[in-house]
Each structure stands twice: as structure tokens, then as C-alpha cells.
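Trainee: Below: one structure in C-alpha cells.
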Amino acid sequence: MGAVVSALVTASVAFAPGAAADVQSEQWYLEPMQAEQMWKVSTGKGIKVAVIDSGVNPRTDSLKGQVLADEVPENVAYGATDDYVGHGTTMAELIAGTGTNGGIQGLAPGAKVVPYRIQAGDQSNPEEKRKTATVAEVLRAVADTDARIVSMSFGSTAPDPEIEAAIKRVASKGKVLIAAVGNHGGEFIEYPAAYPYVLGVSSIDKSSRVSDFAAHGHYVDLVAPGENIPSYCRPDFSTYCHDNQGTSHATAITAAAAALIWSAHPDWTANQVTRALIDTAGRKWPKDKPTQKSGYGTIRPRTVLADPNYDAGDPYSDPLGKWNKKDGEKLVTEIAPSSASPSPSATGASQGEGSTSADKAAGAGSKAETVSAESSDDGNTLWIAVGAAAAVIVIGGAAFAVLRARRAR
């Protein structure tokens with residue numbers, strides 16, 4: 001029982017890192033997000049981001065010194081630094097890239113990336129896939145590390161009890177989980193974005209319009225830049241391609257935004273970081289009425305960083321509870337580490353249920369919903385296909401100029 005994962009085809013032109021027209025000139029969102037001003041306050045230093053994807057190549061110019069490969073638990077370390085399609089490396093650069101030699105400039109260049117590779121349908125070598133860890137295995141391993149943020153640019157149309165249990169375990173350790181909602185344009189949100197305790201991220205373009213390809217539904221929490229983003233498009237990492245798109249990119253950018261905020265406020269809990277992202281998001285509707293296309297609005301970390309006295313609210317109240325949780329569900333705290341406190345949940349509605357008529361009207365409006373005109377944020381996701389009987393992960397999709405019609409999530 002699986003769904004076909006569709007990817008967007010983009011007309012891409014390759015160019016080498018360090019070329020005269022380097023990729024940073026294509027990262028249109030950095031200026032409106034006021035990245036240079038934010039970096040005077042925070043670069044994400046001290047924050048580790050677990051990037052669960054197709055693996056991460058730590059040898060690119062932009063990632064040298066940014067990837068903590070030695071911190072990947074041994075039982076899930078196979079292939080972590082051997083990215084077979086380039087998607088995971090692109091996500092890592094969007095988060096923590098230094099921009100060296102004209103490479104991608106990450107939004108949180110002071111943060112560090114901990115790389116993980118998961119089984120995916122894009123892996124052409126069956127033996128390689130067999131050796132690679134499953135999503136649930138990686139999540140269980142990540143739960144016991146000191147990475148504070150988990151970036152998941154992948155998805156599946158089918159829920160998996162083992163993965164959901166692993167998600168809850170990670171959340172119980174006080175980490176922020178962020179995932180792409182999907183690139184199929186349909187009226188449902190893919191997993192893991194649709195699981196409780198996960199921030200689901202959709203995509204907007206340069207005009208702050210929600211991308212036509214972005215999925216919509218009850219688990220969209222935030223939107224971020226996801227169109228016309230440079231990405232790796234060659235197996236040898238010698239070139240980037242222009243104008244790629246996807247909720248994967250928006251997810252990575254949102255993870256970087258969370259890193260900027262948490263670095264500036266290291267004593268905050270995951271709930272407070274999440275609430276800060278939600279409360280300061282750019283929107284044209286009441287904060288307590290998230291829409292099915294834009295959620296709470298466009299990420300604006302600069303708003304938090306500009307106010308040293310920003311009040312992030314109750315450290316133990318889950319800001320995603322009302323919009324994302326199943327009725328009566330509570331998160332049991334296993335450990336309350338000093339670096340990231342636990343996040344008990346509140347009651348709320350499950351996907352497909354509990355949507356008010358106002359929510360539905362807002363989510364089902366124009367084909368390309370416009371978010372706040374002043375908001376300019378970024379996000380991208382990687383797609384994983386998980387079937388009912390077996391997990392099949394499809395990675396990349398629109399991140400490359402290749403048509404991928406394998407998304408059994």
C-alpha cells in the first residue's frame with residue numbers, strides 16, 4: 001500500500017562552485033531575511049543539527065569543518081558521509097555551509113551538522129541499501145545524542161508505528177523536529193511531518209506565495225523559501241544547478257532558523273524555540289487560526305534575535321499541541337537534559353480531523369496563497385517513501401533536475 005512520490009522537474013543549468021556567478025547570488029532569501037544583521041547576534045554556534053537524508057559529503061568547500069561525522073552512533077553510521085545523490089549535502093550546506101569558494105551560504109554558519117543516511121528507493125545498489133539504517137533506527141539513535149535539532153527532508157504517505165514511536169522518543173529528549181510536508185501538491189501532509197511533535201514546513205517563492213507543488217493540510221506549521229534554490233546536481237559534487245525547488249529546502253532553512261534562535265537563547269527548551277518561530281512568523285491572519293497552506297506563517301528569526309528580552313513563554317507547554325496532536329495524547333518525559341528540556345504535549349486534533357471551517361476556507365483558497373508581504377524565509381524537504389509492508393525512501397525529488405516518480409510514502 002504505497003503512494004507514488006512525484007518530483008518536480010526543473011530546467012537547471014549547472015555551474016561550478018567558485019565560478020564568477022557563484023550560487024550565493026541565487027540565494028535570494030538571505031537579504032530579505034537580513035542574514036548579515038542576524039549573524040551579528042547569532043550564527044548558530046554551539047548548536048548541532050542532525051540531518052537525516054541521503055548522507056552528507058563533508059569534503060565540499062562549504063562544509064569543511066562543519067560536519068561532525070565522528071558523532072554519528074556506530075550502529076547507524078554506514079554511509080553517513082557518502083551522499084549518493086547530493087540531496088543531503090545540499091540540505092547540510094543550506095543549514096551550516098560557510099560559503100567558502102562560492103559555495104552555498106548556510107543560514108546558520110556557526111552551527112554544526114551531524115550526518116545520517118537512511119534507506120531510500122533512490123539507492124541503486126541493493127546491498128548498499130541493506131547496510132543503510134532505517135528511519136526508525138536512525139531516529140532512535142539520534143534521541144540519545146546531544147543534537148538539539150533534527151532536520152528531515154523526506155516523507156511518506158503512510159504512517160509507520162515504529163517511526164512514530166521513535167519520533168516521540170526523540171521529542172521526549174527535548175529536541176526540535178522539523179520535516180517537509182511534501183511536494184505532491186495534494187490535500188494531505190506526508191509523514192514524518194504529520195506526526196505529533198514535528199514542525200511541518202511548506203514552501204514559498206520570492207513573492208511570498210505558497211508554492212503550487214507544496215502539500216497542504218492540518219499539519220502545515222510554517223512556510224519558508226523553497227523555490228529557485230541552488231542544489232547539487234552531479235554525483236561528483238563539482239557543480240550546482242540553478243532554480244531547484246522543494247519543501248526540502250524550506251525545511252533545511254527552517255532548521256537553520258531554529259539553530260540561530262537556540263544559539264542566542266541556549267537555556268530555552270524545544271517548546272520555547274518552537275513557540276518563538278510560530279509567534280513571530282509573518283502572516284495576515286490571527287495567530288490562533290493557522291491555515292492549511294501556510295500554517296502559522298513565514299519564518300522570521302530576525303524578529304526574535306532583534307529583541308534580547310523576547311519572552312518565549314512556558315517552557316513546558318507544547319505550542320504545537322492544539323494544531324498537531326491527537327486527542328488526549330501526552331508526551332512522557334524520559335530525560336530532562338540541561339541542554340534541551342522536555343516538551344510535554346497538550347491535547348489537540350489529528351490530521352484530517354478537527355479542522356474548523358475557517359481553517360478549511362483559508363487552506364482551500366487561491367491556488368497560490370500569499371503569506372505576509374514582509375516575510376521572506378526558506379525551507380526544503382527530502383522525500384521518503386514508506387509503504388505499509390516495508391519502508392522505501394525516496395530522496396531528493398525536486399532537488400535535482402531529474403524526474404522521480406517513486407514516492408510510496
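Naming works like this for the C-alpha cells: A, B, ... for the chains as they're shown, residue 1 at the start of each chain, ligands 1 onward in shown order.
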Per residue of stretch 123-174 of chain A within 7 Å of stretch 52-59 of chain A, record the nearest atom pair and its distance in Å to one decimal, counting only C-alpha atoms, with rows in chain order and ascending residue number, as a tab-separated table.
Mentor:
residue	atom	partner	partner_atom	distance
A:Ser151	CA	A:Ile52	CA	6.2
A:Met152	CA	A:Ile52	CA	5.4
A:Ser153	CA	A:Asp53	CA	6.6
Trainee: Could you give me the residues within stretch 261-314 of chain A that DSSP places in strand (DSSP E or B), as a list in words?
Mentor: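 The residues of stretch 261-314 of chain A classed as strand (DSSP E or B) are Gly282, Thr291, Gly295 and Thr298 of chain A.
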Trainee: What's the separation between atom CA of A:Thr251 and atom CA of A:Gly99, in Å to one decimal place?
Mentor: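 So the two atoms, atom CA of A:Thr251 and atom CA of A:Gly99, lie 19.1 Å apart.
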Trainee: In Å, how far is it from atom CA of A:Ser203 to atom CA of A:Thr303?
Mentor: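 That distance, rounded to one decimal, is 19.9 Å.
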Trainee: Which of these, A:Trp39, A:Tyr29, A:Trp268, A:Phe154, has the shortest distance to A:Ala224 once you count only C-alpha atoms?
Mentor: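 Answer, going by the shortest atom-to-atom distance: A:Tyr29.
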Trainee: Name the residues of stretch 164-245 of chain A that come out as alpha helix (DSSP H) in a backbone DSSP run; write them as a PyMOL selection string.
Mentor: chain A and resi 164-172
Trainee: I need the residues from that last selection saved to file as a CSV table (one decimal), in the first residue's frame (with N, CA, C and O atoms), if you can.
Mentor:
chain,number,residue,atom,x,y,z
A,164,GLU,N,6.7,6.4,14.3
A,164,GLU,CA,6.0,7.3,15.2
A,164,GLU,C,6.5,7.2,16.6
A,164,GLU,O,6.7,8.2,17.3
A,165,ALA,N,6.8,5.9,17.1
A,165,ALA,CA,7.3,5.7,18.4
A,165,ALA,C,8.7,6.3,18.6
A,165,ALA,O,9.0,6.9,19.6
A,166,ALA,N,9.5,6.2,17.5
A,166,ALA,CA,10.8,6.8,17.5
A,166,ALA,C,10.8,8.3,17.6
A,166,ALA,O,11.6,9.0,18.3
A,167,ILE,N,9.8,8.9,16.8
A,167,ILE,CA,9.6,10.4,16.9
A,167,ILE,C,9.3,10.8,18.3
A,167,ILE,O,9.8,11.8,18.8
A,168,LYS,N,8.4,10.1,18.9
A,168,LYS,CA,8.0,10.5,20.3
A,168,LYS,C,9.2,10.4,21.2
A,168,LYS,O,9.4,11.2,22.2
A,169,ARG,N,10.0,9.4,21.0
A,169,ARG,CA,11.2,9.3,21.9
A,169,ARG,C,12.2,10.4,21.7
A,169,ARG,O,12.7,11.0,22.7
A,170,VAL,N,12.4,10.8,20.4
A,170,VAL,CA,13.2,12.0,20.2
A,170,VAL,C,12.7,13.2,20.8
A,170,VAL,O,13.4,14.0,21.4
A,171,ALA,N,11.4,13.4,20.6
A,171,ALA,CA,10.7,14.6,21.2
A,171,ALA,C,10.8,14.6,22.7
A,171,ALA,O,11.0,15.7,23.4
A,172,SER,N,10.7,13.5,23.3
A,172,SER,CA,10.8,13.4,24.8
A,172,SER,C,12.2,13.8,25.3
A,172,SER,O,12.3,14.1,26.5
Trainee: Which residues, written as a list in words, have at least one atom at most 10 Å from A:Leu305, with only C-alpha atoms counted and residues fewer than 4 positions away on the same chain left out?
Mentor: Gln37, Met38, Trp39, Lys40, Val41, Ser42, Leu260, Ile261, Trp262, Ala264, His265, Arg300, Pro301, Asn309 and Tyr310 of chain A
Trainee: Using only C-alpha atoms, find each residue in stretch 189-258 of chain A having at least one atom no more than 10 Å away from stretch 270-291 of chain A; report its shortest atom-to-atom pair and that distance in Å (one decimal), rows by chain then rising number, as a tab-separated table.
Mentor:
residue	atom	partner	partner_atom	distance
A:Tyr197	CA	A:Asn271	CA	9.6
A:Val198	CA	A:Thr274	CA	9.8
A:Leu199	CA	A:Thr274	CA	8.0
A:Ser208	CA	A:Gly282	CA	9.8
A:His216	CA	A:Thr291	CA	8.9
A:Gly217	CA	A:Thr291	CA	8.1
A:His218	CA	A:Thr291	CA	7.8
A:Tyr219	CA	A:Thr291	CA	9.4
A:Val220	CA	A:Thr291	CA	7.7
A:Asp221	CA	A:Pro290	CA	7.5
A:Leu222	CA	A:Ile278	CA	7.3
A:Val223	CA	A:Ala281	CA	8.8
A:Ala224	CA	A:Ala281	CA	9.9
A:Thr254	CA	A:Leu277	CA	8.9
A:Ala257	CA	A:Leu277	CA	8.2
A:Ala258	CA	A:Val273	CA	6.6
Trainee: Could you name the residues that touch A:Gly106 at 12 Å or less, counting only C-alpha atoms, but leaving out those on the same chain fewer than 3 positions away, as number ranges by chain?
Mentor: A: 23-24, 27, 29-30, 35-36, 39, 43-44, 62-63, 66, 89-100, 102-103, 109-113, 230, 249, 252-257, 259-260, 378-379
Trainee: Separation of atom CA of A:Ala193 and atom CA of A:Gly155, in Å?
Mentor: 7.5 Å
Trainee: Give me, as a PyMOL selection string, all polymer residues having an atom no more than 10 Å from stretch 187-189 of chain A, counting only C-alpha atoms and skipping those fewer than 2 positions away in the same chain.
Mentor: chain A and resi 155-157+180-185+191-195+200-202+214-220+292-293+351-352+363-364
